[in-house]
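J.: So that we are looking at the same thing, I have put the structure below in structure tokens.
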There are 2 protein chains.
Amino acid sequence: MIEMGLDKALEDIRNGRPILVYDFDDRERESDMTVASQFVTPEIIRKMRKEAGGLICTTTPYKVAETLGLPFMSDVYWDDCKKYPLLAMMAPTDIPYDRTKSSFGITINHRKTYTGITDNDRAMTVKAYADTIFQDKPAEDIRKDLAYSFRAPGHVHLLNTSEKILENRHGHTELCTALMYMAGVKPSATICEMMGDDGGSMSKEDVRKYADANGITMVTGDDVLKAWAEWKAEHGPEQ
Amino acid sequence: MIEMGLDKALEDIRNGRPILVYDFDDRERESDMTVASQFVTPEIIRKMRKEAGGLICTTTPYKVAETLGLPFMSDVYWDDCKKYPLLAMMAPTDIPYDRTKSSFGITINHRKTYTGITDNDRAMTVKAYADTIFQDKPAEDIRKDLAYSFRAPGHVHLLNTSEKILENRHGHTELCTALMYMAGVKPSATICEMMGDDGGSMSKEDVRKYADANGITMVTGDDVLKAWAEWKAEHGPEQ
């Protein structure tokens with residue numbers, strides 16, 4: 001078994017290839033299949049649903065989400081709890097591996113999708129989302145483009161990173177978004193958890209076997225944290 | 001190819017077996033794998049993600065959702081659109097096959113789940129949800145049970161039926177919930193769209209082949225509408 005390095009992972013990301021990211025033995029102990037959102041195709045969505053099996057989600061860096069007004073789902077629920085008291089009563093204050101709130105943002109479909117769930121539809125939604133939010137123009141114009149192209153709710157989950165990537169929260173949302181920054185692609189990752197056949201997540205050992213058998217690069221949260229510290233020292237803050 | 005009838009489908013539902021429900025040639029043209037939520041197991045979640053491939057969602061009859069205060073996601077987004085104008089701008093007013101709003105409700109995890117996404121976790125969430133919402137006690141007590149057992153957002157999508165099941169909206173949410181009523185089980189269905197390998201939904205013909213090869217009962221929206229009209233004539237309104 002050859003431990004493949006972070007440089008190979010970044011090269012794969014630039015080439016639109018999925019990689020595998022295991023988080024930490026003391027966190028979710030889960031691996032996510034990850035690809036740059038700008039390169040998502042129907043084949044990649046199919047691979048994610050068949051070979052990973054979790055939820056297919058697309059990340060947005062905190063500052064982009066904040067500038068555009070793309071909320072965390074927890075905040076939206078909370079804001080509506082006078083009308084729906086259950087939303088306050090069901091607040092996610094007890095996530096076992098995470099002292100911060102969940103990363104879930106809103107769910108979206110591209111307006112040109114039909115049902116929104118097919119491989120073609122989800123790929124269209126994800127790719128167009130990444131192409132829309134990172135345009136070099138005023139936030140107000142990007143908001144108009146988002147409204148023109150997407151409806152919410154939909155079948156693709158957005159995830160917002162925590163405010164400072166990989167400082168307060170070490171989730172797959174942050175790990176995979178940091179990888180996109182380091183790869184130099186549009187910093188949105190599309191991610192999907194690897195499931196096992198035993199009712200749980202696929203074990204770290206089984207993910208490694210899958211990675212080796214399929215020629216897919218696998219990195220760990222520790223690899224990403226180390227590289228991210230170096231990258232930030234050289235490039236400054238990510239945004 | 002033997003066209004299997006609705007009675008067989010209802011018997012399968014009572015036995016906790018998944019069935020397949022195709023909607024209509026002039027609507028989504030999509031088939032959902034469906035099972036009674038009260039009988040969902042990790043094996044069924046695994047079958048859904050591997051053999052169906054869409055989003056795994058759990059339905060709630062409108063009147064139950066209204067009594068308990070379980071909102072439509074569209075309404076929650078709309079209520080927060082002063083704070084997040086994008087949520088109004090992205091309103092789902094243009095769904096191609098549907099003049100009503102989407103069925104999406106909130107997303108939940110059982111509080112005893114770990115990540116929420118594994119087959120064990122999703123099965124626990126779905127089964128406990130069905131066991132919680134249909135208890136024969138005051139709504140206020142059920143709300144407390146929901147808050148005690150579930151957090152939101154999470155990894156299982158809830159879907160609310162339209163107000164009068166199968167009158168205004170003929171979606172899988174309504175078709176599958178009506179099947180649960182007719183089968184005499186707790187009227188929550190867990191459903192997942194069947195995907196094809198060509199980027200689209202699995203065709204009606206391929207779903208039929210899959211059903212025959214795997215001994216799974218398949219019914220159509222027309223079958224359900226006919227049986228539902230008869231059932232309502234005999235039993236009165238569903239709630």
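Letters A, B, ... go to the chains of the structure tokens in the order shown; residues in each chain start at 1; ligands are counted from 1 in the same order.
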List every residue of chain B that has an atom at most 7 Å from any atom of chain A, and for each one report the closest atom pair and its distance in Å to one decimal, counting only C-alpha atoms, with rows sorted by chain and then by increasing residue number, as a tab-separated table.

T.:
residue	atom	partner	partner_atom	distance
B:Glu28	CA	A:Thr115	CA	6.6
B:Pro42	CA	A:Gly199	CA	5.9
B:Arg49	CA	A:Gly53	CA	6.0
B:Lys50	CA	A:Lys50	CA	5.8
B:Gly53	CA	A:Arg49	CA	6.0
B:Gly54	CA	A:Ile117	CA	6.2
B:Gly69	CA	A:Tyr84	CA	5.6
B:Met73	CA	A:Pro153	CA	6.7
B:Ser74	CA	A:Pro153	CA	6.5
B:Val76	CA	A:Asp80	CA	6.4
B:Asp79	CA	A:Asp80	CA	6.6
B:Asp80	CA	A:Val76	CA	6.4
B:Tyr84	CA	A:Gly69	CA	5.6
B:Leu86	CA	A:Gly69	CA	6.6
B:Met89	CA	A:Ala147	CA	5.2
B:Met90	CA	A:Arg151	CA	4.5
B:Ala91	CA	A:Arg151	CA	5.6
B:Pro92	CA	A:Arg151	CA	5.0
B:Pro96	CA	A:Tyr114	CA	6.4
B:Tyr114	CA	A:Pro96	CA	6.4
B:Thr115	CA	A:Glu28	CA	6.5
B:Ile117	CA	A:Gly54	CA	6.2
B:Thr118	CA	A:Gly200	CA	5.1
B:Asp119	CA	A:Gly199	CA	4.7
B:Asn120	CA	A:Gly199	CA	4.9
B:Arg143	CA	A:Leu86	CA	6.8
B:Ala147	CA	A:Met90	CA	4.8
B:Phe150	CA	A:Met90	CA	6.1
B:Arg151	CA	A:Met90	CA	4.5
B:Ala152	CA	A:Met90	CA	5.5
B:Pro153	CA	A:Ser74	CA	6.5
B:Met195	CA	A:Thr118	CA	6.4
B:Gly199	CA	A:Asp119	CA	4.7
B:Gly200	CA	A:Thr118	CA	5.1
B:Ser201	CA	A:Thr118	CA	5.8

J.: Apply DSSP to the backbone of this structure and, from region 33-237 of chain B, keep only the residues in alpha helix (DSSP H); write these as a PyMOL selection string.

T.: chain B and resi 42-47+62-68+73-79+85-89+119-133+139-149+172-183+204-214+221-235

J.: If we count only C-alpha atoms and set the cut-off at 12 Å, which residues sit around Ala211 (chain B), ignoring sequence neighbours fewer than 2 positions away in its own chain? Please answer as a list in words.

T.: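 The neighbour list is Met1, Ile2, Glu3, Met4, Pro18, Ile19, Leu20, Val21, Tyr22, Ser31, Asp32, Met33, Glu51, Ala52, Met194, Met202, Lys204, Glu205, Asp206, Val207, Arg208, Lys209, Ala213, Asn214, Gly215, Ile216, Thr217, Met218 and Val219 of chain B.
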
J.: From region 42-233 of chain B, collect each residue whose DSSP state is strand (DSSP E) and return the set as a PyMOL selection string.

T.: chain B and resi 57-60+104-110+150-160+189-193+218-220

J.: Keeping N, CA and C atoms for every residue in the selection just given, could you write it to a file as a PDB file, in the first residue's frame?

T.:
ATOM      1  N   CYS B  57     -36.340  10.039   1.604  1.00  0.00           N
ATOM      2  CA  CYS B  57     -37.236  11.009   2.238  1.00  0.00           C
ATOM      3  C   CYS B  57     -38.375  10.283   2.944  1.00  0.00           C
ATOM      4  N   THR B  58     -38.937  10.919   3.955  1.00  0.00           N
ATOM      5  CA  THR B  58     -39.988  10.314   4.777  1.00  0.00           C
ATOM      6  C   THR B  58     -41.196  11.241   4.820  1.00  0.00           C
ATOM      7  N   THR B  59     -42.376  10.699   4.504  1.00  0.00           N
ATOM      8  CA  THR B  59     -43.566  11.549   4.360  1.00  0.00           C
ATOM      9  C   THR B  59     -44.355  11.689   5.664  1.00  0.00           C
ATOM     10  N   THR B  60     -45.054  12.817   5.760  1.00  0.00           N
ATOM     11  CA  THR B  60     -45.974  13.095   6.868  1.00  0.00           C
ATOM     12  C   THR B  60     -47.285  13.588   6.269  1.00  0.00           C
ATOM     13  N   PHE B 104     -41.048  19.433   0.119  1.00  0.00           N
ATOM     14  CA  PHE B 104     -39.976  19.375   1.113  1.00  0.00           C
ATOM     15  C   PHE B 104     -40.388  19.993   2.443  1.00  0.00           C
ATOM     16  N   GLY B 105     -40.160  19.234   3.509  1.00  0.00           N
ATOM     17  CA  GLY B 105     -40.282  19.752   4.867  1.00  0.00           C
ATOM     18  C   GLY B 105     -38.881  19.948   5.427  1.00  0.00           C
ATOM     19  N   ILE B 106     -38.769  19.922   6.756  1.00  0.00           N
ATOM     20  CA  ILE B 106     -37.457  20.087   7.369  1.00  0.00           C
ATOM     21  C   ILE B 106     -36.662  18.781   7.254  1.00  0.00           C
ATOM     22  N   THR B 107     -35.387  18.837   7.622  1.00  0.00           N
ATOM     23  CA  THR B 107     -34.542  17.637   7.670  1.00  0.00           C
ATOM     24  C   THR B 107     -34.228  17.340   9.134  1.00  0.00           C
ATOM     25  N   ILE B 108     -34.160  16.047   9.454  1.00  0.00           N
ATOM     26  CA  ILE B 108     -33.977  15.658  10.865  1.00  0.00           C
ATOM     27  C   ILE B 108     -32.954  14.537  11.026  1.00  0.00           C
ATOM     28  N   ASN B 109     -32.397  14.441  12.222  1.00  0.00           N
ATOM     29  CA  ASN B 109     -31.620  13.283  12.692  1.00  0.00           C
ATOM     30  C   ASN B 109     -32.158  12.878  14.057  1.00  0.00           C
ATOM     31  N   HIS B 110     -32.212  11.589  14.338  1.00  0.00           N
ATOM     32  CA  HIS B 110     -32.470  11.169  15.716  1.00  0.00           C
ATOM     33  C   HIS B 110     -31.311  11.661  16.572  1.00  0.00           C
ATOM     34  N   PHE B 150     -35.336  14.147  18.419  1.00  0.00           N
ATOM     35  CA  PHE B 150     -34.818  14.531  17.097  1.00  0.00           C
ATOM     36  C   PHE B 150     -34.216  15.928  17.112  1.00  0.00           C
ATOM     37  N   ARG B 151     -33.184  16.103  16.266  1.00  0.00           N
ATOM     38  CA  ARG B 151     -32.667  17.446  16.017  1.00  0.00           C
ATOM     39  C   ARG B 151     -32.868  17.783  14.536  1.00  0.00           C
ATOM     40  N   ALA B 152     -32.898  19.082  14.273  1.00  0.00           N
ATOM     41  CA  ALA B 152     -33.043  19.578  12.902  1.00  0.00           C
ATOM     42  C   ALA B 152     -32.132  20.795  12.753  1.00  0.00           C
ATOM     43  N   PRO B 153     -31.391  20.928  11.653  1.00  0.00           N
ATOM     44  CA  PRO B 153     -31.407  20.072  10.463  1.00  0.00           C
ATOM     45  C   PRO B 153     -30.681  18.744  10.670  1.00  0.00           C
ATOM     46  N   GLY B 154     -30.931  17.813   9.716  1.00  0.00           N
ATOM     47  CA  GLY B 154     -30.306  16.502   9.774  1.00  0.00           C
ATOM     48  C   GLY B 154     -30.187  15.886   8.395  1.00  0.00           C
ATOM     49  N   HIS B 155     -30.073  14.560   8.354  1.00  0.00           N
ATOM     50  CA  HIS B 155     -29.781  13.879   7.090  1.00  0.00           C
ATOM     51  C   HIS B 155     -30.983  13.181   6.468  1.00  0.00           C
ATOM     52  N   VAL B 156     -32.145  13.200   7.142  1.00  0.00           N
ATOM     53  CA  VAL B 156     -33.363  12.610   6.559  1.00  0.00           C
ATOM     54  C   VAL B 156     -34.321  13.748   6.202  1.00  0.00           C
ATOM     55  N   HIS B 157     -34.716  13.781   4.931  1.00  0.00           N
ATOM     56  CA  HIS B 157     -35.669  14.789   4.470  1.00  0.00           C
ATOM     57  C   HIS B 157     -37.083  14.387   4.832  1.00  0.00           C
ATOM     58  N   LEU B 158     -37.812  15.273   5.478  1.00  0.00           N
ATOM     59  CA  LEU B 158     -39.245  15.050   5.624  1.00  0.00           C
ATOM     60  C   LEU B 158     -39.959  15.674   4.431  1.00  0.00           C
ATOM     61  N   LEU B 159     -41.076  15.060   4.066  1.00  0.00           N
ATOM     62  CA  LEU B 159     -41.935  15.573   2.993  1.00  0.00           C
ATOM     63  C   LEU B 159     -43.345  15.683   3.564  1.00  0.00           C
ATOM     64  N   ASN B 160     -44.005  16.807   3.371  1.00  0.00           N
ATOM     65  CA  ASN B 160     -45.395  16.941   3.790  1.00  0.00           C
ATOM     66  C   ASN B 160     -46.306  16.732   2.585  1.00  0.00           C
ATOM     67  N   ALA B 189     -44.666   7.121   4.569  1.00  0.00           N
ATOM     68  CA  ALA B 189     -43.896   6.318   3.609  1.00  0.00           C
ATOM     69  C   ALA B 189     -42.470   6.839   3.567  1.00  0.00           C
ATOM     70  N   THR B 190     -41.511   5.934   3.433  1.00  0.00           N
ATOM     71  CA  THR B 190     -40.141   6.366   3.146  1.00  0.00           C
ATOM     72  C   THR B 190     -39.872   6.009   1.694  1.00  0.00           C
ATOM     73  N   ILE B 191     -39.383   6.984   0.937  1.00  0.00           N
ATOM     74  CA  ILE B 191     -39.346   6.857  -0.520  1.00  0.00           C
ATOM     75  C   ILE B 191     -37.996   7.300  -1.068  1.00  0.00           C
ATOM     76  N   CYS B 192     -37.631   6.750  -2.234  1.00  0.00           N
ATOM     77  CA  CYS B 192     -36.360   7.110  -2.870  1.00  0.00           C
ATOM     78  C   CYS B 192     -36.495   6.890  -4.378  1.00  0.00           C
ATOM     79  N   GLU B 193     -36.114   7.887  -5.159  1.00  0.00           N
ATOM     80  CA  GLU B 193     -36.287   7.819  -6.612  1.00  0.00           C
ATOM     81  C   GLU B 193     -35.321   6.816  -7.244  1.00  0.00           C
ATOM     82  N   MET B 218     -44.711  -3.667  -8.461  1.00  0.00           N
ATOM     83  CA  MET B 218     -44.710  -2.318  -9.033  1.00  0.00           C
ATOM     84  C   MET B 218     -46.149  -1.898  -9.316  1.00  0.00           C
ATOM     85  N   VAL B 219     -46.493  -0.673  -8.906  1.00  0.00           N
ATOM     86  CA  VAL B 219     -47.813  -0.139  -9.225  1.00  0.00           C
ATOM     87  C   VAL B 219     -47.638   1.229  -9.887  1.00  0.00           C
ATOM     88  N   THR B 220     -48.703   1.689 -10.534  1.00  0.00           N
ATOM     89  CA  THR B 220     -48.639   2.989 -11.203  1.00  0.00           C
ATOM     90  C   THR B 220     -49.541   3.996 -10.481  1.00  0.00           C
TER      91      THR B 220
END

J.: Please report the interatomic distance between CA of Met182 (chain A) and CA of Glu66 (chain A) in Å with one decimal.

T.: 21.5 Å

J.: Counting only C-alpha atoms, figure out which residue out of A:Gly236, A:Thr67, A:Glu11, A:Lys47 gets nearest to Asp141 (chain A).

T.: A:Thr67

J.: Rounded to one decimal place, report the CA of Lys186 (chain B)-CA of Ala227 (chain B) distance in Å.

T.: 18.1 Å

J.: I'd like the interatomic distance between CA of Phe39 (chain A) and CA of Asp222 (chain A), to a tenth of an Å.

T.: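 Separating CA of Phe39 (chain A) from CA of Asp222 (chain A) is a distance of 25.5 Å.
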